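Okay, my_file33.txt is below, compact mmCIF, C-alpha atoms and all ligand atoms:
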# COMPACT_ATOMS: atom_id res chain seq x y z
CA MET A 1 0.00 0.00 0.00
CA SER A 2 1.30 3.41 -0.91
CA PHE A 3 0.24 6.78 0.40
CA ALA A 4 0.57 10.42 -0.51
CA THR A 5 -0.54 13.34 1.64
CA VAL A 6 -2.72 16.29 0.73
CA ILE A 7 -3.50 19.50 2.59
CA ASN A 8 -6.82 20.60 1.20
CA CYS A 9 -9.59 23.04 2.10
CA ILE A 10 -12.55 21.79 4.12
CA ASP A 11 -14.77 22.53 1.09
CA GLY A 12 -16.59 19.33 0.10
CA ARG A 13 -16.75 20.32 -3.57
CA PHE A 14 -13.01 19.73 -3.94
CA GLN A 15 -12.41 16.48 -2.07
CA THR A 16 -13.13 13.98 -4.84
CA SER A 17 -11.36 15.79 -7.68
CA VAL A 18 -8.27 16.48 -5.58
CA ASN A 19 -8.13 12.93 -4.23
CA GLN A 20 -8.33 11.49 -7.76
CA PHE A 21 -5.70 13.88 -9.10
CA VAL A 22 -3.24 13.19 -6.29
CA ARG A 23 -3.71 9.42 -6.49
CA GLN A 24 -3.01 9.46 -10.22
CA HIS A 25 -0.23 12.06 -10.14
CA PHE A 26 1.80 10.23 -7.51
CA ASP A 27 0.60 6.75 -8.51
CA VAL A 28 -0.41 5.85 -4.95
CA SER A 29 -3.24 3.75 -3.53
CA PHE A 30 -4.43 6.19 -0.88
CA VAL A 31 -4.34 9.89 -0.09
CA ASP A 32 -4.10 10.96 3.54
CA THR A 33 -6.12 14.17 3.73
CA ILE A 34 -5.58 17.05 6.12
CA THR A 35 -8.23 19.75 5.90
CA GLU A 36 -8.23 23.37 6.99
CA ALA A 37 -10.46 26.23 5.82
CA GLY A 38 -8.40 27.99 3.15
CA PRO A 39 -5.11 26.39 4.20
CA VAL A 40 -2.82 28.38 1.89
CA ALA A 41 -3.68 31.67 3.66
CA VAL A 42 -1.97 30.33 6.78
CA LEU A 43 0.63 28.01 5.27
CA CYS A 44 2.08 30.76 3.08
CA LYS A 45 3.25 32.40 6.32
CA GLY A 46 4.42 29.31 8.18
CA LEU A 47 3.48 25.86 9.32
CA PRO A 48 0.83 25.54 12.06
CA LYS A 49 1.66 22.93 14.70
CA ASN A 50 -1.51 20.94 14.09
CA VAL A 51 -0.77 20.62 10.37
CA GLU A 52 2.86 19.69 11.04
CA HIS A 53 1.63 17.07 13.51
CA ASP A 54 -0.82 15.57 11.02
CA VAL A 55 1.69 15.50 8.14
CA ASN A 56 4.23 13.80 10.38
CA ILE A 57 1.73 11.04 11.20
CA SER A 58 1.13 10.45 7.50
CA VAL A 59 4.88 10.44 6.78
CA ASP A 60 5.84 8.27 9.75
CA ALA A 61 2.96 5.79 9.85
CA HIS A 62 2.22 5.53 6.12
CA ASP A 63 5.65 6.25 4.63
CA SER A 64 4.24 9.07 2.55
CA ASN A 65 6.97 11.14 0.90
CA GLN A 66 4.78 13.05 -1.54
CA LEU A 67 2.76 16.05 -0.48
CA ALA A 68 0.24 18.29 -2.22
CA ILE A 69 -1.09 21.65 -1.07
CA VAL A 70 -4.33 22.91 -2.61
CA ALA A 71 -6.05 26.22 -3.29
CA HIS A 72 -9.36 26.47 -5.13
CA GLU A 73 -11.87 28.78 -6.79
CA SER A 74 -14.44 30.52 -4.59
CA CYS A 75 -12.80 29.66 -1.27
CA ALA A 76 -14.94 30.80 1.65
CA GLY A 77 -12.05 30.22 4.04
CA ASN A 78 -9.68 32.39 2.00
CA PRO A 79 -11.75 34.91 0.03
CA ALA A 80 -8.78 36.32 -1.90
CA SER A 81 -8.47 36.71 -5.68
CA ASP A 82 -7.50 33.66 -7.72
CA SER A 83 -4.06 35.17 -8.43
CA THR A 84 -3.42 35.89 -4.74
CA GLN A 85 -4.51 32.39 -3.78
CA LYS A 86 -2.21 30.85 -6.40
CA SER A 87 0.74 32.89 -5.11
CA GLN A 88 -0.06 31.86 -1.56
CA CYS A 89 -0.29 28.22 -2.65
CA LEU A 90 3.19 28.38 -4.22
CA GLU A 91 4.60 30.05 -1.09
CA ALA A 92 2.93 27.39 1.06
CA ALA A 93 4.52 24.67 -1.08
CA ALA A 94 7.93 26.31 -0.62
CA ASN A 95 7.42 26.35 3.15
CA LEU A 96 6.41 22.69 3.11
CA ARG A 97 9.55 21.78 1.13
CA VAL A 98 11.65 23.37 3.86
CA ALA A 99 9.70 21.72 6.69
CA PHE A 100 9.56 18.27 5.08
CA GLY A 101 12.85 18.01 3.24
CA GLY A 102 12.39 14.35 2.41
CA CYS A 103 9.12 14.94 0.60
CA GLU A 104 8.28 15.94 -2.93
CA VAL A 105 5.78 18.84 -2.71
CA ILE A 106 3.40 20.07 -5.40
CA ALA A 107 1.03 23.05 -5.43
CA LEU A 108 -2.43 22.50 -6.93
CA TRP A 109 -5.26 24.71 -8.16
CA ALA A 110 -8.77 23.20 -8.19
CA THR A 111 -11.72 24.65 -10.08
CA LEU A 112 -15.47 24.33 -9.66
CA ASP A 113 -15.79 22.30 -12.87
CA GLY A 114 -13.73 19.51 -11.30
CA LYS A 115 -10.37 20.27 -12.89
CA VAL A 116 -7.14 20.15 -10.90
CA VAL A 117 -3.88 21.57 -12.28
CA GLU A 118 -0.37 21.82 -10.94
CA LEU A 119 0.81 25.41 -10.38
ZN ZN B 201 -11.87 26.70 0.51
Show me this structure written as structure tokens.
Ligand SMILES: [Zn+2]
Amino acid sequence: MSFATVINCIDGRFQTSVNQFVRQHFDVSFVDTITEAGPVAVLCKGLPKNVEHDVNISVDAHDSNQLAIVAHESCAGNPASDSTQKSQCLEAAANLRVAFGGCEVIALWATLDGKVVEL
């Protein structure tokens, strides 16, 4: 069994599309999912202890070494413009690369029509 880890918004509209994308992109069986409302707004500034804790469980218990951070259209938890959210998502990915040096980290943008793209 192989695992990757995703940090996604709480928004239920983006769980299925993001899960499918991450499973296919990293060719893993399962995606451990950490949710926060608009996570990139916080993660672009640093790594909250609860998120660090949850990622470490995924990495340690499930041998995940591939991480994705997600921003999406119409985020109620982070009501910033699309361009601001995308910048925050890239900054958050950079912070995650520093914090989890053994992990590959990708930044994703999810849209309401079900598409997910790498930033
Ligand atoms: Zn959201």
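A distance search around ligand ZN 201 (chain B) (10 Å at most, all atoms listed in the file) returns the following protein and nucleic acid residues: A:Asn8, A:Cys9, A:Ile10, A:Asp11, A:Gly12, A:Arg13, A:Phe14, A:Thr35, A:Glu36, A:Ala37, A:Gly38, A:Pro39, A:Val40, A:Val70, A:Ala71, A:His72, A:Glu73, A:Ser74, A:Cys75, A:Ala76, A:Gly77, A:Asn78, A:Pro79, A:Ala110.
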Show me, as a tab-separated table (two decimals) with C-alpha atoms, keeping the file's coordinate frame, the residues that have an atom within 9 Å of A:Gln88 when counting only C-alpha atoms, minus same-chain residues fewer than 2 positions from it.
chain	number	residue	atom	x	y	z
A	40	VAL	CA	-2.82	28.38	1.89
A	41	ALA	CA	-3.68	31.67	3.66
A	42	VAL	CA	-1.97	30.33	6.78
A	43	LEU	CA	0.63	28.01	5.27
A	44	CYS	CA	2.08	30.76	3.08
A	45	LYS	CA	3.25	32.40	6.32
A	71	ALA	CA	-6.05	26.22	-3.29
A	83	SER	CA	-4.06	35.17	-8.43
A	84	THR	CA	-3.42	35.89	-4.74
A	85	GLN	CA	-4.51	32.39	-3.78
A	86	LYS	CA	-2.21	30.85	-6.40
A	90	LEU	CA	3.19	28.38	-4.22
A	91	GLU	CA	4.60	30.05	-1.09
A	92	ALA	CA	2.93	27.39	1.06
A	93	ALA	CA	4.52	24.67	-1.08
Task: Selected residue, from A:Asp54, A:Gly46, A:Leu119, A:Leu108, that lies nearest to A:Asn19 when counting only C-alpha atoms - done: A:Leu108
- [ ] Provide the atom CA of A:Ala107 to atom CA of A:Asp60 distance in Å, to one decimal place.
- [x] 21.7 Å
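With atom CA of A:Arg97 on one side and atom CA of A:His53 on the other, the separation reads 15.4 Å.
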Open item on the list: Taking all atoms listed in the file into account, name the residue in A:Gln24, A:Val31, A:Asp113, A:Glu104 that is nearest to A:Asn65.
Closed with: A:Glu104
Task: Atomic distance atom CA of A:Asp27 - atom CA of A:Cys89, expressed in Å with one decimal - done: 22.3 Å
TODO: Check the smallest atom-to-atom distance from each of A:Glu52, A:Leu112, A:Asp63, A:Ile69 to A:Ala99 using all atoms listed in the file, then report the winner.
DONE: A:Glu52
Open item on the list: Given the point (-2.0, 17.9, -9.2) in the file's coordinates, find the residues that have an atom at most 6 Å from it, counting only C-alpha atoms, and give them as a VMD selection string.
Closed with: chain A and resid 21 to 22 108 116 to 118
Task: Nearest-residue call for A:Ser2, choices A:Gly114, A:Ala80, A:Val28, A:Arg23, using all atoms listed in the file - done: A:Val28
Open item on the list: The residues within 10 Å of (-2.0, 13.9, 2.8), using all atoms listed in the file and the coordinates of the file, should be reported as a list of chain:residue names; which are they?
Closed with: A:Phe3, A:Ala4, A:Thr5, A:Val6, A:Ile7, A:Asn8, A:Asn19, A:Val22, A:Phe30, A:Val31, A:Asp32, A:Thr33, A:Ile34, A:Thr35, A:Asp54, A:Val55, A:Asn56, A:Ile57, A:Ser58, A:Val59, A:His62, A:Ser64, A:Asn65, A:Gln66, A:Leu67, A:Ala68, A:Ile69
Stretch 104-113 of chain A, all listed atoms, 8 Å padding on each side: what axis-aligned box centre and edge lengths in Å to one decimal come out, as lines of an AutoDock Vina configuration file?
center_x = -3.8
center_y = 20.3
center_z = -7.8
size_x = 40.1
size_y = 24.8
size_z = 26.2
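For the set A:Ala61, A:Val18, A:Leu96, A:Leu47, the residue with the smallest atom-to-atom gap to A:Lys115 is A:Val18, counting all atoms listed in the file.
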